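Okay, so here's the structure we're looking at.
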Amino acid sequence: MNHLIDRRLGGGNKSAVNRERFLRRYKEQIRRSVKGIASERSITDIDKGGNVNIPARDIREPVFRHGPGGDREVVNSGNREFIAGDTIPRPQGGGEGGGRGSEGGEGEGVDDFVFSLSREEFLDLFFEDMELPDLVRNFLGDIPERKWVRAGYRREGSPNNLAVVRTLKQSLGRRIALSAAIRDELEAARAELEEAERRSVSIMQVSMLRERVETLEKKLQRVPFLDDLDLRYRNRVAVPAPVARAVMFCLMDVSASMDERKKDLAKRFFTLLYLFLTRKYEQVNLVFIRHTDNAEECDEQAFFHDPRTGGTVVCSALELMHEIVEERYNDSSWNIYAAQASDGDAFGSDPAKSVRFLREFLLPLTRFFAYVEIPDENDGRTSTLWAAYEELPAIAQNFAMRRVAGHAEIYPVFRDLFSKETA
Amino acid sequence: MTANPTVGTIRRAAEPISRGPEWTFDLIRRYDDAIGECAREFGLDTYPNQIEVITSEQMLDAYASTGLPITYPHWTHGKEFIRNEALYRKGYQGLAYEIVINSDPCIAYLMEENTITMQALVIAHASYGHNSFFKGNYLFRQWTYADAILDYLVFARSFVMKCEERYGIPAVEEILDSCHALSPHGVDKYKRPGAKSLKDEVRRQSEREESARQLFNDLWRTLPRKESKEAEEATRPVFPAEPEENVLYFVEKYSPKLEPWQKEIVRIVRKISQYFYPQSQTKVMNEGWACFWHYTLTNRLYDKGLVDDSFMLEFLQSHTNVISQRGFDQPGYGGLNPYALGFAMFTDLKRICEAPTDEDRQWFPEIAGGDWRQVLDFAMRNFKDESFIAQYLSPKLIRDFRLFAVADHEDEPELVVDAIHDEAGYQRVRTLLSRQYSRDFTVPDIQVANYERDGDRSLTLRHQMPRGQPLREDEAEETLKHLGRLWGFTVRLESVSDDGEVQSTLECPS
């Protein structure tokens with residue numbers, strides 16, 4: 001008895017678990033590979049997935065097998081010119097077999113095992129074990145926002161939620177159901193009565209029939225128009241509404257001392273932060289604030305590439321940020337992040353004012369505030385702004401500061417800033 | 001392209017079963033019925049068929065689990081999946097048209113991408129060709145339990161997953177890795193004798209006593225006894241008494257360290273390895289047999305008028321692709337194609353029966369001019385690749401394939417052409433080719449030689465070097481480490497040359 005079965009709909013993707021096992025086992029190698037890619041690639045297109053190389057040596061599954069050496073004969077097909085006794089120079093790379101190519105591919109297998117990670121897998125590894133500070137608690141844990149959504153109907157509820165149309169539908173249905181049998185009976189009784197009246201049978205019988213009709217009519221009237229059973233109320237349930245929006249402020253000093261190198265470093269830092277936020281929030285707005293001795297909001301292009309000259313007043317940028325928050329993001333559904341990049345030059349009372357402003361106005365508002373100082377190359381001195389900011393991490397959990405001197409330092413610093421420990 | 005005249009008379013159908021490339025379930029069923037009828041006319045004995053249509057995704061899954069429908073989760077399957085998926089998605093590699101599982105009922109997976117012609121070909125190939133081979137060949141009859149394999153796989157999977165839950169994924173993975181490394185050496189080639197019944201045992205014991213009584217001679221008592229320590233050492237029995245070639249079996253039975261669950265996992269890998277043993281020994285025959293029958297059955301359909309010319313053209317194109325053999329110097333040469341060699345051999349056997357030449361009469365007197373169906377059936381049932389080639393590779397085929405043997409001897413500075421397809425070389429080429437399909441050619445001969453049960457519990461394996469061929473050393477070391485992990489004490493591997501001398505020793509201390 002032969003059977004023909006269509007399996008196509010039944011569970012594909014049986015190998016998902018095996019693929020996951022593979023990634024798990026070679027996590028170290030893959031991670032290394034990802035790091036390599038990340039360092040080569042421009043950060044703006046980092047979220048593209050990538051090919052991972054694992055050395056063939058590492059994933060080889062060893063078995064006992066014959067090695068080169070000893071005596072053997074190998075049979076091949078397609079002889080054209082050889083006759084018995086001919087000699088052939090030994091092929092290079094060990095006297096393996098007589099087969100040109102027949103055994104060449106067999107054991108050596110020096111090719112690396114290359115496979116591609118999807119964008120998600122790539123970024124997951126790229127960001128692995130980084131968490132936004134306070135994120136787990138606030139973002140996944142106790143979610144402050146809830147919203148009410150419609151969820152069908154129910155039988156109990158407050159009068160203001162009464163669903164009139166639905167209720168009447170129920171009532172109509174019930175009335176039809178309950179009265180159908182009575183109606184049928186009534187009709188039959190009426191017909192009988194008519195018949196009896198026409199044929200003028202005995203009074204007794206007619207009055208009995210009439211009585212019956214009346215009883216039935218009464219019975220029909222007793223079916224209520226609206227019963228408690230009919231009432232339907234709109235049901236609403238509260239579902240947690242994740243706070244899925246974030247705004248990221250990029251603040252940068254664009255005075256003359258910020259050269260291209262510093263701006264480039266800053267850009268990489270901002271990009272990384274942005275990328276990270278887009279991973280966690282559905283919507284991420286960007287606000288660019290550049291400042292010299294006064295601050296202004298600008299677009300990304302101008303932010304990074306439009307040269308400015310002038311002094312440095314950090315506080316102006318902070319004040320502008322505060323204004324923008326008040327104006328546009330003054331709503332608990334926005335998570336506010338800020339990253340400030342500067343070479344740390346600040347003069348006079350500016351650092352002290354900035355610190356006070358940060359502490360009193362900005363830090364309570366923001367989810368996280370990161371300060372990245374990009375000093376001149378080979379400059380070990382701490383700047384005036386750094387010195388002023390140094391008191392902040394101790395009093396504010398959501399403030400972090402680091403010095404970055406080169407490309408290679410961005411990623412570690414970033415990790416450091418957002419590592420679980422500092423949260 | 002004519003069917004065998006000995007098989008009944010052919011009634012031509014008025015209409016082919018289908019036209020055009022589209023398939024439907026109804027059409028597949030009708031083709032299956034028609035092919036099944038042809039198969040019965042030729043007397044093919046098969047398990048019932050279960051034909052399943054799957055997607056390419058599911059085919060990739062099946063690839064990953066070495067063709068089994070169910071396996072336990074393991075990273076190596078993931079590796080295969082990733083590799084095949086990448087090759088397939090980039091278009092470097094097509095997927096098989098079908099996978100067939102040696103079970104009862106015989107399960108054949110058809111790809112949904114196939115045209116109806118390919119589906120018919122695949123049904124003939126897998127559901128009748130392979131299927132009858134599975135049912136008939138002695139190795140399969142001896143070593144696989146077609147009706148139990150699926151249940152066993154289900155058990156294996158759930159057992160492994162239960163172990164993962166209890167002991168953690170890494171612990172299970174370690175054991176599996178080590179077992180996989182040794183799985184080629186987890187195969188029985190000969191049946192173990194069954195356990196003796198108590199009655200037999202008692203009878204044997206009394207027979208032994210009786211014979212001892214008859215042979216009793218008091219004179220022996222008077223001989224002086226050697227009491228030296230050395231003599232005692234020398235006479236101490238070696239365990240195992242006979243070398244054990246199934247290393248995993250030995251580990252499972254005697255490992256001093258493994259927990260019961262770990263032994264059960266060793267057993268699972270060993271059983272699955274054993275299940276594949278007949279397949280590895282009959283690649284040429286199995287594929288050849290299936291190709292021969294898809295060719296014969298499809299031609300029979302054509303003769304009956306059940307398929308049209310366009311069907312046949314597509315069929316022949318696929319068929320010739322499958323059985324093409326490249327020369328050693330052509331690009332893409334990957335050794336002898338088992339489909340090509342097997343198909344050619346069965347076709348050649350049929351030719352020898354039907355139209356023998358003088359040469360055939362001389363080489364195959366017992367079958368030349370015989371009934372081809374009986375001859376093929378006998379060949380299919382009673383051989384494996386090694387013996388099949390040794391028995392049936394004809395000089396004509398050696399010429400057709402232009403086979404030649406090249407000798408690679410360590411002491412020679414150059415390779416030497418040993419034999420070619422000429423009068424002087426037929427016998428030699430045939431012998432050498434047959435040897436090439438013996439298991440020892442691919443899997444080194446490694447056996448458990450000694451287990452120091454009363455000493456340091458070390459385990460010694462003996463590698464019999466065939467004509468001085470050593471093992472690939474770096475891999476051997478790693479594999480030995482895997483054995484060491486399973487064994488828990490020192491393991492040793494001695495390579496012994498043909499004259500019995502130990503050439504090299506690898507050791508993996510505990």
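Identifiers in the structure tokens: chain A, B, ... in order shown; residue index from 1 per chain; ligand index from 1 in order shown.
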
Contacts of Trp148 in chain A at 9 Å (only C-alpha atoms; same-chain gap of 4+ positions) as a PyMOL selection string: chain A and resi 236-240

How about saving the chosen residues, N, CA and C atoms kept, as a PDB file, in the first residue's frame?
```pdb
ATOM      1  N   ARG A 236     -12.552  46.812  27.964  1.00  0.00           N
ATOM      2  CA  ARG A 236     -11.279  47.478  27.719  1.00  0.00           C
ATOM      3  C   ARG A 236     -10.255  46.879  28.649  1.00  0.00           C
ATOM      4  N   VAL A 237      -9.101  46.602  28.111  1.00  0.00           N
ATOM      5  CA  VAL A 237      -8.043  46.118  28.991  1.00  0.00           C
ATOM      6  C   VAL A 237      -6.846  47.040  28.875  1.00  0.00           C
ATOM      7  N   ALA A 238      -6.109  47.086  29.963  1.00  0.00           N
ATOM      8  CA  ALA A 238      -4.916  47.917  29.966  1.00  0.00           C
ATOM      9  C   ALA A 238      -3.751  47.080  29.488  1.00  0.00           C
ATOM     10  N   VAL A 239      -3.086  47.499  28.431  1.00  0.00           N
ATOM     11  CA  VAL A 239      -1.877  46.791  28.034  1.00  0.00           C
ATOM     12  C   VAL A 239      -0.689  47.712  28.263  1.00  0.00           C
ATOM     13  N   PRO A 240       0.386  47.126  28.679  1.00  0.00           N
ATOM     14  CA  PRO A 240       1.570  47.941  28.895  1.00  0.00           C
ATOM     15  C   PRO A 240       2.019  48.540  27.569  1.00  0.00           C
TER      16      PRO A 240
END
```

Exercise answer, chain B residues close to chain A, 7 Å and only C-alpha atoms, as a PyMOL selection string: chain B and resi 48-55+57-58+61+73-79+81-82+86+181-182+327-328+333-336+401-410+414-420+432-433+443-444+467-472+475-476+478-479

DSSP strand (DSSP E) selection over range 59-207 of chain B, as number ranges by chain: B: 98-101, 106-111

Near-range 314-328 of chain A list (8 Å; only C-alpha atoms; drop same-chain fewer than 5 positions) as a PyMOL selection string: chain A and resi 249+251+253+289-296+346+350-351+353-354+357-358+361-362

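Atom pair CA of Val496 in chain B / CA of Glu245 in chain B has a distance of 14.9 Å (rounded to one decimal).
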
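The spacing separating CA of Ala449 in chain B from CA of Glu244 in chain B amounts to 6.9 Å.
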
CA of Glu41 in chain B to CA of Leu316 in chain B, straight-line distance in Å: 22.3 Å

Spatial neighbours of Phe369 in chain A, max dist 7 Å, only C-alpha atoms, sep filter under 2 positions, as a PyMOL selection string: chain A and resi 337-339+366-367+371+398-400

Write the selection just made, keeping N, CA and C atoms, as an mmCIF file, in the first residue's frame?
```cif
data_model
loop_
_atom_site.group_PDB
_atom_site.id
_atom_site.type_symbol
_atom_site.label_atom_id
_atom_site.label_comp_id
_atom_site.auth_asym_id
_atom_site.auth_seq_id
_atom_site.Cartn_x
_atom_site.Cartn_y
_atom_site.Cartn_z
ATOM 1 N N TYR A 337 18.586 60.810 25.680
ATOM 2 C CA TYR A 337 20.008 60.484 25.776
ATOM 3 C C TYR A 337 20.802 61.666 25.247
ATOM 4 N N ALA A 338 21.965 61.840 25.811
ATOM 5 C CA ALA A 338 22.801 62.908 25.285
ATOM 6 C C ALA A 338 24.247 62.458 25.250
ATOM 7 N N ALA A 339 24.908 62.838 24.205
ATOM 8 C CA ALA A 339 26.331 62.541 24.124
ATOM 9 C C ALA A 339 27.033 63.839 23.778
ATOM 10 N N THR A 366 17.509 63.464 31.732
ATOM 11 C CA THR A 366 18.021 62.507 30.755
ATOM 12 C C THR A 366 18.155 61.117 31.344
ATOM 13 N N ARG A 367 18.053 60.190 30.445
ATOM 14 C CA ARG A 367 18.242 58.799 30.798
ATOM 15 C C ARG A 367 19.731 58.518 30.973
ATOM 16 N N TYR A 371 29.838 61.925 28.318
ATOM 17 C CA TYR A 371 30.773 62.949 27.878
ATOM 18 C C TYR A 371 32.029 62.267 27.367
ATOM 19 N N ASN A 398 23.615 58.455 36.124
ATOM 20 C CA ASN A 398 23.429 58.426 34.683
ATOM 21 C C ASN A 398 24.412 59.328 33.944
ATOM 22 N N PHE A 399 25.531 59.568 34.552
ATOM 23 C CA PHE A 399 26.527 60.368 33.860
ATOM 24 C C PHE A 399 27.817 59.560 33.749
ATOM 25 N N ALA A 400 28.394 59.575 32.561
ATOM 26 C CA ALA A 400 29.657 58.858 32.401
ATOM 27 C C ALA A 400 30.581 59.699 31.543
#
```

Near-range 169-171 of chain A list (12 Å; only C-alpha atoms; drop same-chain fewer than 5 positions) as a count of residues only: 19

Residue neighbourhood Phe133 in chain B, 12 Å, only C-alpha atoms, exclusion window fewer than 2 positions, as a PyMOL selection string: chain B and resi 44-47+100-103+106+125-131+135-141+278-279+282-293+376-384

Within 7 Å of range 302-306 of chain A using only C-alpha atoms, minus same-chain residues under 4 positions, as a VMD selection string: chain A and resid 263 288 290 298
